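*Asks:* After the structure tokens below, expect a handful of questions from me.
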Amino acid sequence: MGSNERHAALGRAWRSVNTRIFEQSSATLRADGGETDVVPDTLIVASNRQPYRHRLADDTTSQPKIASLEDGNGSTLSISVDEPTGGLTAGLDPVLRSVGGTWIAWGDGNADRVVTDEDDCVAVPPDADDQYTLRRLWLSEEAVDGYYAGLSNRVLWPLCHDRPDLVSFRPTDLAWYRRVNRKFAAAIRTHATPNAGVWIHDYHLSLVPSYLVDELPPGTTLGFFWHIPWPTPDVFESCPFGRELLVGLLGADVLGFHLESYATRFLECVDRFVRSAETDRSERAIRYDGTATKLVASPMGVDTASYERRARAGDRGRWESLCEQYGIDPTCDIGIGVDRLDYTKGIPERLEALEQFFENHPDWRGSFTFVQKATPSRTGIPAYDRLGDRVRRRVERLQARFGTDTWQPVVYTEDILPVADLVALYRRADLAIVSSLCDGMNLVAQEYVASSVDNDGVLLLGTDVGAAEVLGAHALLVDPTDTAQFADQICDALTISNTEVQSRMRAMRQVVTAHRLEAWMGEQLEYLAQNPLESGHRPENHSSDRWHIPDSIDQ
């Protein structure tokens, strides 16, 4: 049996197991916590990363097996599903579960094709009452290398995180980026209906809005949310396709950023590099080639109720199991860091500060352990591989200098941890460090606060993390590049009074609750349902040269 026939046979079996179809909700939450009927008739979300990934399961798979299927050859295969555990997908999954609709994303799991139907769709999450449709797109290895590893993460990511020195541009990557963005645009067109809300996410898909500018049904509103920092014009000037990127985003009706400063930088870039555009700073609006784009700044939150519920429901046995598994002395004060292995996250600088802390304060040796959870990311890109080696060497140095037979100064793991384990660590940790060198919102800071239901943790927050604008008044702020100051703040976090700890945490929990995911979701959906500048995005007239790319570039 060929691979296509095998996929088809397994797909038919899967659909006999999982046939529930999502029901679209007609209401969501307003920013004030009440309900509103102001939502698009249909919601379509598009992002690079998918919220759920199906995998062929074996005895080593940590996720529960959700189905057993016959492969047509008499063999039984088990399938598991990886659920979102953080970042964009974890933030947006509750949105789709709340309002229903379709999520379009790249399918990268080895059982993804097995479970989809003839239209490449599958209902997620499995066996839930509040399902939605996941439409998967299939990308070749060449496309992934050019579009994702290449243009997205060797050009846009370092550029937007103030590391133009790490930009590595290959012209073929731009060609692949355009092709994949067109593929996403075509899928969106397939699912869009009149009065739909299309919500595109992040830097992987920046050209999609202009590919759709005259291709969607009447009344459709096109939103785009940029989840990472936006660079200053001086840094953006080194972008090898800068004007094309800006024009691509100007195809959106609503363009969202986490912070006002990012929106301001975008306006400044348009002023400098798209001279024919008209910008209105007071209205936060840009008019270009017959369309209008409204800029909005709205910091994304987390599902606070979910983290609180998990934290309160957690049992002591889970914490004890983690201590046993990783050799953590449960009598120690505990610090925690949860990051991708990315050069923007400041992990080496954090470890350097910890080394100086233990050097300056020997009385804390044996009494404080820092748990660093690091998730390997974008392996194969030299900058990431070098970072991983650097972090591991730094951890080994700390262990060699300060560790004993019974105590580790740093417990380092790259294991995949279930959300319940992360929440147990969050709740138990006396302090958490989020010290990125440059970052967008960074939801880990808010996850920690939401999980600190006992009000007994301290948050150390880098000054260039987006969350600092939301939580900075009550966190301890650190400059990750100032090792001495950083080390002093770690000491302060461990020695401030319980009264101050609880006062700071209560204040942060109030802020995180006010900025919870539901509030952000309600605000964004209202923008999608009621375009603040125009009644419906589709312009009847726009110049044909808005988007002129020779076809040969994209072959």
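Naming scheme: A, B, ... for chains in displayed order of the structure tokens; residues 1 onward per chain; ligands 1 onward as shown.
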Got a sec: who's within 10 Å of Glu500 in chain A, counting only C-alpha atoms, leaving out chain neighbours fewer than 5 positions off, as a list in words?
*Replies:*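 In the requested format, the answer is Asp456, Val458, His474, Met505 and Arg506 of chain A.
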*Asks:* Mind writing the picked residues with N, CA and C atoms as a short mmCIF file (atom, residue, chain, number, x, y, z; two decimals), in the first residue's frame?
*Replies:*
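Saved result, part-v6.cif, follows:
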```
data_model
loop_
_atom_site.label_atom_id
_atom_site.label_comp_id
_atom_site.auth_asym_id
_atom_site.auth_seq_id
_atom_site.Cartn_x
_atom_site.Cartn_y
_atom_site.Cartn_z
N ASP A 456 3.11 34.33 47.20
CA ASP A 456 4.39 34.26 47.89
C ASP A 456 5.58 34.16 46.95
N VAL A 458 8.25 36.18 43.95
CA VAL A 458 8.80 37.45 43.46
C VAL A 458 9.17 37.28 41.99
N HIS A 474 5.55 46.51 39.92
CA HIS A 474 5.49 45.64 41.09
C HIS A 474 6.52 44.51 41.03
N MET A 505 2.98 40.73 44.87
CA MET A 505 2.31 39.68 44.10
C MET A 505 0.81 39.95 43.98
N ARG A 506 0.17 40.39 45.04
CA ARG A 506 -1.26 40.70 44.95
C ARG A 506 -1.51 41.77 43.89
#
```
*Asks:* Applying 9 Å and only C-alpha atoms, which residues near Val410 in chain A remain after dropping the ones on its own chain fewer than 4 positions away? List them as a tab-separated table (two decimals) with N, CA, C and O atoms, in the first residue's frame.
*Replies:*
```tsv
chain	number	residue	atom	x	y	z
A	351	LEU	N	22.65	33.13	33.86
A	351	LEU	CA	23.54	32.19	34.55
A	351	LEU	C	24.78	32.89	35.08
A	351	LEU	O	25.30	32.54	36.15
A	354	LEU	N	23.74	34.51	38.25
A	354	LEU	CA	23.63	33.52	39.30
A	354	LEU	C	25.00	33.12	39.84
A	354	LEU	O	25.19	32.93	41.05
A	368	PHE	N	19.64	27.57	48.11
A	368	PHE	CA	18.87	28.11	46.98
A	368	PHE	C	19.25	27.35	45.72
A	368	PHE	O	20.44	27.16	45.43
A	369	THR	N	18.25	26.92	44.99
A	369	THR	CA	18.46	26.22	43.72
A	369	THR	C	17.64	26.90	42.64
A	369	THR	O	16.46	27.21	42.84
A	370	PHE	N	18.29	27.12	41.51
A	370	PHE	CA	17.58	27.72	40.37
A	370	PHE	C	17.29	26.63	39.34
A	370	PHE	O	18.20	25.91	38.93
A	371	VAL	N	16.02	26.49	38.96
A	371	VAL	CA	15.59	25.51	37.98
A	371	VAL	C	15.41	26.21	36.64
A	371	VAL	O	14.56	27.11	36.51
A	372	GLN	N	16.22	25.84	35.67
A	372	GLN	CA	16.14	26.44	34.33
A	372	GLN	C	15.57	25.41	33.36
A	372	GLN	O	16.22	24.43	33.02
A	395	VAL	N	26.24	26.11	32.62
A	395	VAL	CA	25.65	25.31	33.70
A	395	VAL	C	26.70	24.39	34.31
A	395	VAL	O	26.82	24.27	35.54
A	398	LEU	N	28.93	26.29	36.64
A	398	LEU	CA	28.29	26.57	37.93
A	398	LEU	C	28.30	25.34	38.82
A	398	LEU	O	28.59	25.43	40.03
A	399	GLN	N	27.99	24.19	38.25
A	399	GLN	CA	27.98	22.97	39.04
A	399	GLN	C	29.37	22.65	39.56
A	399	GLN	O	29.54	22.24	40.73
A	403	GLY	N	28.57	23.25	43.19
A	403	GLY	CA	27.76	22.08	43.51
A	403	GLY	C	28.42	21.14	44.50
A	403	GLY	O	29.65	21.13	44.66
```
*Asks:* Which parts of range 232-458 of chain A does DSSP call helix (DSSP H, G or I) when run on the backbone here, written out as a ChimeraX atom specification?
*Replies:* /A:233-236,242-249,260-273,304-313,316-326,347-360,362-364,382-402,419-428,443-451
*Asks:* List as an NGL selection string the protein and nucleic acid residues near Met300 in chain A, meaning an atom at most 7 Å away when only C-alpha atoms are counted, but skip any in the same chain fewer than 6 places from it.
*Replies:* :A and (258 or 441 or 517 or 520)
*Asks:* Suppose we keep N, CA and C atoms; can you now write the selection as a PDB file, in the first residue's frame?
*Replies:*
```pdb
ATOM      1  N   HIS A 258       1.751  44.658  20.701  1.00  0.00           N
ATOM      2  CA  HIS A 258       1.586  44.574  22.150  1.00  0.00           C
ATOM      3  C   HIS A 258       1.708  45.939  22.817  1.00  0.00           C
ATOM      4  N   MET A 441       5.832  40.380  24.390  1.00  0.00           N
ATOM      5  CA  MET A 441       5.110  40.408  25.663  1.00  0.00           C
ATOM      6  C   MET A 441       5.742  39.469  26.680  1.00  0.00           C
ATOM      7  N   LEU A 517      -6.411  36.998  29.128  1.00  0.00           N
ATOM      8  CA  LEU A 517      -6.587  36.659  27.724  1.00  0.00           C
ATOM      9  C   LEU A 517      -7.987  36.995  27.213  1.00  0.00           C
ATOM     10  N   TRP A 520      -8.261  40.639  26.254  1.00  0.00           N
ATOM     11  CA  TRP A 520      -7.550  40.892  24.995  1.00  0.00           C
ATOM     12  C   TRP A 520      -8.320  40.325  23.817  1.00  0.00           C
TER      13      TRP A 520
END
```
*Asks:* Using only C-alpha atoms, find the one residue out of A:Val444, A:Cys438, A:Leu471, A:Ile334 that sits nearest to Gln408 in chain A.
*Replies:* A:Ile334
